[in-house]
Amino acid sequence: MSGSKIKFGVIGCGHIGKRHAEMVSRNADTELVALCDILPQEKTGANYTGVPYFASAEEMLASVPDIDIVSVCTPNGLHAEHSLKALNAKKHVVCEKPMALKKSDCEAIIFKALQMHKQVFCVMQNRYSPPAQWIKQLIESKALGNIFMVQLDCYWNRDERYYKAGTWKGKLALDGGVLFTQFSHFIDMMYWLFGDIYNIKSLFSNFTHTKNTEFDDSGFVSFQFLEQGIGSINFSTSIWDQNFASSMIIMGENGTVKLGGQYMDVVEYCHVKNVEMPKLPPTNPANDYGAYKGSAANHHYVIENVVNTLKNGFTASTNALEGMKVVEIIEKIYAAKQK
Ligand SMILES: NC(=O)c1ccc[n+]([C@@H]2O[C@H](COP(=O)([O-])OP(=O)(O)OC[C@H]3O[C@@H](n4cnc5c(N)ncnc54)[C@H](O)[C@@H]3O)[C@@H](O)[C@H]2O)c1
């Protein structure tokens, strides 16, 4: 593969599938060779000159045998099925977040990837934002000393403009819940920095979505980190009208840091022994989906990482094990629901 372009197929041509298609088309080392969606092309609007469009993943994989890697951009509850189909056809996989809705499905994907000698790249593109890169390096340098407390707050708006009838959003089997669909980037960030959690207590409520979702919209979650310290996640999608904030307060023995902004995209506070806060480059703005906004527009980094891993011996920036751990943590949080 070292000389030629890496050939991508995309399964699911909605909002994010078109983003993958666009980022693949713009990268000099990658080539978009096939697209598929159960909706007709006129509906998805995924038009790339000379790129064939199929009505199913099976048809695409059978018709375009030289695909190297498949971007799985279908609803959450279909990620496992489509990743496994791609792996069975001996393709690498880029899987949108979350990797699946059950840890057991992630295990099946990892097993198949090992069996087929293929890579699975999980999409957690917020890791590329400058505050995320900076805080990762700060935590790894142990500048904060022992970590005492971590508080993750995620307060967004998702109302009837988002949960439209007839879509996968709001359905337990396809969406899975707000921790999977809205807040898994932030849970990934916490796991990336501080590792796994246990002794979880979760209190949930459904304030404004009893008519349009099959799950709770808000909650308080408390836990211990396996390594050190205690933590909490406070979340809601019942904020009126627009996203409010996503933030992480980290309190260590040598100082305190707060990442904040609407999308955890700025360092709001840093007071740490012997640390001078550098001036960070601006974070890419959030993806804009019209009535609502989501996570950072960093997908081009994901495609670059695929190229660097498959061609230049780099490692996946979010590998399948990390993708699975985030799913496992969310599964444990939901399972710890207090009656
Ligand atoms: N990384 C991020 O920041 C980010 C942002 C938004 C969405 N996502 C993830 O991307 C995925 C898609 O989200 P979206 O907002 O693009 O949703 P979407 O509804 O806009 O697109 C999903 C597409 O999948 C198609 N589809 C459904 N079943 C299919 C099947 N069996 N075969 C082929 N195509 C099928 C649908 O017709 C639709 O076009 C979700 O898992 C979501 O969590 C990630």
# chains A, B, ... in the order shown; residues from 1 in each chain; ligands from 1
>>> residues_around(residues="Ala62 of chain A", least_positions_apart="2", cutoff="12 Å", atoms="only C-alpha atoms", output="PyMOL selection string")
chain A and resi 9+34+36+54-60+64-67+85-86+88-91
>>> write_last_selection(atoms="N, CA and C atoms", output="compact mmCIF listing (two decimals), in the first residue's frame")
# COMPACT_ATOMS: atom_id res chain seq x y z
N GLY A 9 -14.33 3.20 1.04
CA GLY A 9 -15.77 3.10 0.79
C GLY A 9 -16.47 3.65 2.03
N ALA A 34 -16.23 4.29 -3.33
CA ALA A 34 -17.61 3.78 -3.30
C ALA A 34 -18.37 4.37 -2.12
N CYS A 36 -22.42 3.96 -0.05
CA CYS A 36 -23.71 3.27 -0.03
C CYS A 36 -24.60 3.82 1.07
N PHE A 54 -24.22 2.65 -3.94
CA PHE A 54 -24.96 1.39 -3.84
C PHE A 54 -26.05 1.48 -2.77
N ALA A 55 -27.00 0.50 -2.86
CA ALA A 55 -28.16 0.54 -1.95
C ALA A 55 -27.91 -0.24 -0.66
N SER A 56 -26.77 -0.93 -0.58
CA SER A 56 -26.48 -1.67 0.67
C SER A 56 -24.97 -1.89 0.80
N ALA A 57 -24.57 -2.18 2.03
CA ALA A 57 -23.16 -2.45 2.31
C ALA A 57 -22.70 -3.70 1.55
N GLU A 58 -23.58 -4.72 1.53
CA GLU A 58 -23.23 -5.99 0.86
C GLU A 58 -22.93 -5.74 -0.62
N GLU A 59 -23.83 -4.96 -1.25
CA GLU A 59 -23.67 -4.69 -2.68
C GLU A 59 -22.38 -3.92 -2.94
N MET A 60 -22.11 -2.94 -2.10
CA MET A 60 -20.89 -2.13 -2.28
C MET A 60 -19.64 -3.02 -2.13
N VAL A 64 -17.17 -3.59 -5.46
CA VAL A 64 -15.91 -2.82 -5.55
C VAL A 64 -14.85 -3.53 -4.70
N PRO A 65 -14.27 -4.60 -5.26
CA PRO A 65 -13.38 -5.43 -4.44
C PRO A 65 -12.09 -4.74 -4.01
N ASP A 66 -11.69 -3.66 -4.70
CA ASP A 66 -10.40 -3.08 -4.32
C ASP A 66 -10.49 -2.00 -3.23
N ILE A 67 -11.62 -1.91 -2.54
CA ILE A 67 -11.72 -1.01 -1.37
C ILE A 67 -10.69 -1.50 -0.33
N LYS A 85 -19.14 -6.69 8.78
CA LYS A 85 -19.27 -6.97 7.32
C LYS A 85 -18.00 -6.54 6.59
N ALA A 86 -17.50 -5.35 6.93
CA ALA A 86 -16.29 -4.84 6.27
C ALA A 86 -15.09 -5.72 6.61
N ASN A 88 -15.09 -8.86 7.54
CA ASN A 88 -15.25 -10.17 6.87
C ASN A 88 -14.85 -10.09 5.40
N ALA A 89 -15.01 -8.89 4.82
CA ALA A 89 -14.60 -8.71 3.41
C ALA A 89 -13.12 -8.31 3.33
N LYS A 90 -12.42 -8.42 4.46
CA LYS A 90 -10.97 -8.15 4.53
C LYS A 90 -10.63 -6.67 4.28
N LYS A 91 -11.45 -5.79 4.86
CA LYS A 91 -11.19 -4.35 4.78
C LYS A 91 -10.81 -3.84 6.17
>>> residues_near_ligand(ligand="ligand 1", cutoff="8 Å", atoms="only C-alpha atoms and all ligand atoms", output="PDB file with C-alpha atoms, in the first residue's frame")
ATOM      1  CA  ILE A  11     -21.392   3.053   4.548  1.00  0.00           C
ATOM      2  CA  GLY A  12     -24.092   5.570   5.486  1.00  0.00           C
ATOM      3  CA  CYS A  13     -24.164   8.897   3.624  1.00  0.00           C
ATOM      4  CA  GLY A  14     -25.896  11.151   6.146  1.00  0.00           C
ATOM      5  CA  HIS A  15     -24.362  14.143   7.924  1.00  0.00           C
ATOM      6  CA  ILE A  16     -21.165  12.466   9.026  1.00  0.00           C
ATOM      7  CA  GLY A  17     -20.823  10.029   6.134  1.00  0.00           C
ATOM      8  CA  LYS A  18     -20.657  12.981   3.750  1.00  0.00           C
ATOM      9  CA  CYS A  36     -23.711   3.272  -0.028  1.00  0.00           C
ATOM     10  CA  ASP A  37     -26.893   4.091   1.806  1.00  0.00           C
ATOM     11  CA  ILE A  38     -30.333   2.553   2.067  1.00  0.00           C
ATOM     12  CA  LEU A  39     -31.718   5.948   0.960  1.00  0.00           C
ATOM     13  CA  THR A  44     -28.680  11.777   0.750  1.00  0.00           C
ATOM     14  CA  ALA A  55     -28.156   0.542  -1.948  1.00  0.00           C
ATOM     15  CA  SER A  56     -26.482  -1.665   0.666  1.00  0.00           C
ATOM     16  CA  ALA A  57     -23.155  -2.455   2.311  1.00  0.00           C
ATOM     17  CA  VAL A  72     -18.878   3.093   9.035  1.00  0.00           C
ATOM     18  CA  CYS A  73     -21.177   6.122   9.351  1.00  0.00           C
ATOM     19  CA  THR A  74     -24.543   4.493   9.995  1.00  0.00           C
ATOM     20  CA  PRO A  75     -26.663   4.885  13.174  1.00  0.00           C
ATOM     21  CA  ASN A  76     -24.910   3.759  16.379  1.00  0.00           C
ATOM     22  CA  GLY A  77     -26.824   0.490  16.691  1.00  0.00           C
ATOM     23  CA  LEU A  78     -25.598  -0.640  13.235  1.00  0.00           C
ATOM     24  CA  HIS A  79     -21.875   0.051  13.736  1.00  0.00           C
ATOM     25  CA  HIS A  82     -21.314  -2.919   9.383  1.00  0.00           C
ATOM     26  CA  GLU A  96     -17.781   6.447  13.880  1.00  0.00           C
ATOM     27  CA  LYS A  97     -18.417   6.928  17.559  1.00  0.00           C
ATOM     28  CA  PRO A  98     -19.578   5.064  19.543  1.00  0.00           C
ATOM     29  CA  VAL A 123     -13.420   8.273  15.647  1.00  0.00           C
ATOM     30  CA  MET A 124     -12.791  10.450  18.696  1.00  0.00           C
ATOM     31  CA  GLN A 125     -11.691  13.561  16.874  1.00  0.00           C
ATOM     32  CA  ASN A 126     -11.940  15.904  19.884  1.00  0.00           C
ATOM     33  CA  THR A 167     -35.213   8.879  12.358  1.00  0.00           C
ATOM     34  CA  TRP A 168     -32.879   6.697  14.433  1.00  0.00           C
ATOM     35  CA  LYS A 169     -32.375   9.456  17.005  1.00  0.00           C
ATOM     36  CA  ASP A 175     -29.218   5.621  19.274  1.00  0.00           C
ATOM     37  CA  PHE A 180     -23.526   7.365  23.582  1.00  0.00           C
ATOM     38  CA  THR A 181     -24.678   9.914  21.015  1.00  0.00           C
ATOM     39  CA  GLN A 182     -24.036  13.341  22.547  1.00  0.00           C
ATOM     40  CA  HIS A 185     -16.471  12.309  23.146  1.00  0.00           C
ATOM     41  CA  ASN A 287     -19.582  20.786  13.319  1.00  0.00           C
ATOM     42  CA  GLY A 294     -21.842  18.955  17.833  1.00  0.00           C
ATOM     43  CA  SER A 295     -18.209  18.094  18.287  1.00  0.00           C
ATOM     44  CA  ALA A 296     -15.059  19.513  16.736  1.00  0.00           C
ATOM     45  CA  ALA A 297     -14.648  19.623  12.947  1.00  0.00           C
ATOM     46  CA  HIS A 299     -12.273  14.596  10.838  1.00  0.00           C
TER      47      HIS A 299
END
>>> residues_around(residues="segment 100-106 of chain A", least_positions_apart="3", cutoff="6 Å", atoms="only C-alpha atoms", output="PyMOL selection string")
chain A and resi 79-80+109+324+327-328
>>> closest_atom_pairs(of="segment 172-213 of chain A", to="segment 252-266 of chain A", cutoff="12 Å", atoms="only C-alpha atoms", output="JSON lines")
{"residue": "A:Gln182", "atom": "CA", "partner": "A:Tyr263", "partner_atom": "CA", "distance": 11.1}
{"residue": "A:Phe183", "atom": "CA", "partner": "A:Tyr263", "partner_atom": "CA", "distance": 10.3}
{"residue": "A:His185", "atom": "CA", "partner": "A:Tyr263", "partner_atom": "CA", "distance": 10.0}
{"residue": "A:Phe186", "atom": "CA", "partner": "A:Met264", "partner_atom": "CA", "distance": 8.3}
{"residue": "A:Ile187", "atom": "CA", "partner": "A:Met264", "partner_atom": "CA", "distance": 11.9}
{"residue": "A:Met189", "atom": "CA", "partner": "A:Met264", "partner_atom": "CA", "distance": 10.0}
{"residue": "A:Met190", "atom": "CA", "partner": "A:Leu259", "partner_atom": "CA", "distance": 11.6}
{"residue": "A:Phe194", "atom": "CA", "partner": "A:Gly252", "partner_atom": "CA", "distance": 11.9}
>>> select_by_dssp(residues="segment 182-325 of chain A", states="helix (DSSP H, G or I)", output="ChimeraX atom specification")
/A:184-194,299-312,320-325
>>> atom_distance(atom1="atom CA of Gly229 of chain A", atom2="atom CA of Val150 of chain A")
7.7 Å
>>> atom_distance(atom1="atom CA of Met99 of chain A", atom2="atom CA of Ile250 of chain A")
26.6 Å
>>> select_by_dssp(residues="segment 184-251 of chain A", states="strand (DSSP E or B)", output="mmCIF file with C-alpha atoms, in the first residue's frame")
data_model
loop_
_atom_site.group_PDB
_atom_site.id
_atom_site.type_symbol
_atom_site.label_atom_id
_atom_site.label_comp_id
_atom_site.auth_asym_id
_atom_site.auth_seq_id
_atom_site.Cartn_x
_atom_site.Cartn_y
_atom_site.Cartn_z
ATOM 1 C CA ILE A 197 -13.875 3.764 36.645
ATOM 2 C CA TYR A 198 -15.706 1.630 39.243
ATOM 3 C CA ASN A 199 -18.083 1.953 42.200
ATOM 4 C CA ILE A 200 -20.510 3.842 39.960
ATOM 5 C CA LYS A 201 -23.726 5.434 41.238
ATOM 6 C CA SER A 202 -26.063 6.912 38.634
ATOM 7 C CA LEU A 203 -29.203 8.961 39.082
ATOM 8 C CA PHE A 204 -31.143 9.730 35.889
ATOM 9 C CA SER A 205 -34.197 11.712 34.914
ATOM 10 C CA SER A 218 -30.222 13.948 32.295
ATOM 11 C CA GLY A 219 -28.204 12.505 35.116
ATOM 12 C CA PHE A 220 -25.700 12.730 37.930
ATOM 13 C CA VAL A 221 -23.073 9.987 38.013
ATOM 14 C CA SER A 222 -20.390 9.501 40.671
ATOM 15 C CA PHE A 223 -17.528 6.979 40.727
ATOM 16 C CA GLN A 224 -13.945 6.171 41.648
ATOM 17 C CA PHE A 225 -11.088 5.904 39.169
ATOM 18 C CA ILE A 230 -12.964 10.227 42.459
ATOM 19 C CA GLY A 231 -15.088 11.711 39.709
ATOM 20 C CA SER A 232 -18.507 12.755 38.547
ATOM 21 C CA ILE A 233 -20.376 13.291 35.302
ATOM 22 C CA ASN A 234 -23.317 15.680 35.298
ATOM 23 C CA PHE A 235 -25.169 15.755 31.999
ATOM 24 C CA SER A 236 -28.334 16.925 30.332
ATOM 25 C CA SER A 238 -32.694 19.480 28.425
ATOM 26 C CA ALA A 245 -21.349 24.156 28.116
ATOM 27 C CA SER A 246 -19.130 21.127 28.335
ATOM 28 C CA SER A 247 -16.369 21.341 30.875
ATOM 29 C CA MET A 248 -13.933 19.331 32.925
ATOM 30 C CA ILE A 249 -12.511 20.460 36.250
ATOM 31 C CA ILE A 250 -9.387 18.574 37.287
ATOM 32 C CA MET A 251 -8.155 18.997 40.826
#
>>> closest_residue(among="A:Asn146, A:Ser184, A:Gln137, A:Ser4", to="Glu331 of chain A", atoms="only C-alpha atoms")
A:Ser184
>>> closest_residue(among="A:Glu227, A:Asp217, A:Glu31, A:Glu268", to="Cys154 of chain A", atoms="only C-alpha atoms")
A:Asp217
>>> atom_distance(atom1="atom CA of Asn206 of chain A", atom2="atom CA of Leu174 of chain A")
18.6 Å
>>> closest_residue(among="A:Tyr155, A:Phe148, A:Phe8, A:Tyr334", to="Pro52 of chain A", atoms="only C-alpha atoms")
A:Phe8
>>> residues_around(residues="Val94 of chain A", least_positions_apart="6", cutoff="9 Å", atoms="only C-alpha atoms", output="short mmCIF file (atom, residue, chain, number, x, y, z; two decimals) with C-alpha atoms, in the first residue's frame")
data_model
loop_
_atom_site.label_atom_id
_atom_site.label_comp_id
_atom_site.auth_asym_id
_atom_site.auth_seq_id
_atom_site.Cartn_x
_atom_site.Cartn_y
_atom_site.Cartn_z
CA ILE A 69 -10.92 0.61 4.15
CA VAL A 70 -14.55 1.27 5.02
CA SER A 71 -15.90 4.24 6.98
CA VAL A 72 -18.88 3.09 9.04
CA CYS A 73 -21.18 6.12 9.35
CA SER A 83 -17.83 -3.10 10.90
CA GLN A 119 -7.09 -2.26 11.72
CA VAL A 120 -10.12 -0.66 13.35
CA PHE A 121 -9.84 3.11 13.82
CA CYS A 122 -12.38 4.67 16.18
CA VAL A 123 -13.42 8.27 15.65
CA VAL A 302 -8.71 11.04 11.50
CA ILE A 303 -8.12 10.44 7.78
CA VAL A 306 -5.34 6.36 8.84
#
>>> closest_residue(among="A:Lys339, A:His92, A:Lys136, A:His271", to="Ala316 of chain A", atoms="only C-alpha atoms")
A:His92
>>> closest_residue(among="A:Asp159, A:Arg127, A:Tyr269, A:Asn212", to="Lys171 of chain A", atoms="only C-alpha atoms")
A:Asn212
>>> closest_residue(among="A:Thr30, A:Asn284, A:Gln133, A:Thr315", to="Trp192 of chain A", atoms="only C-alpha atoms")
A:Gln133
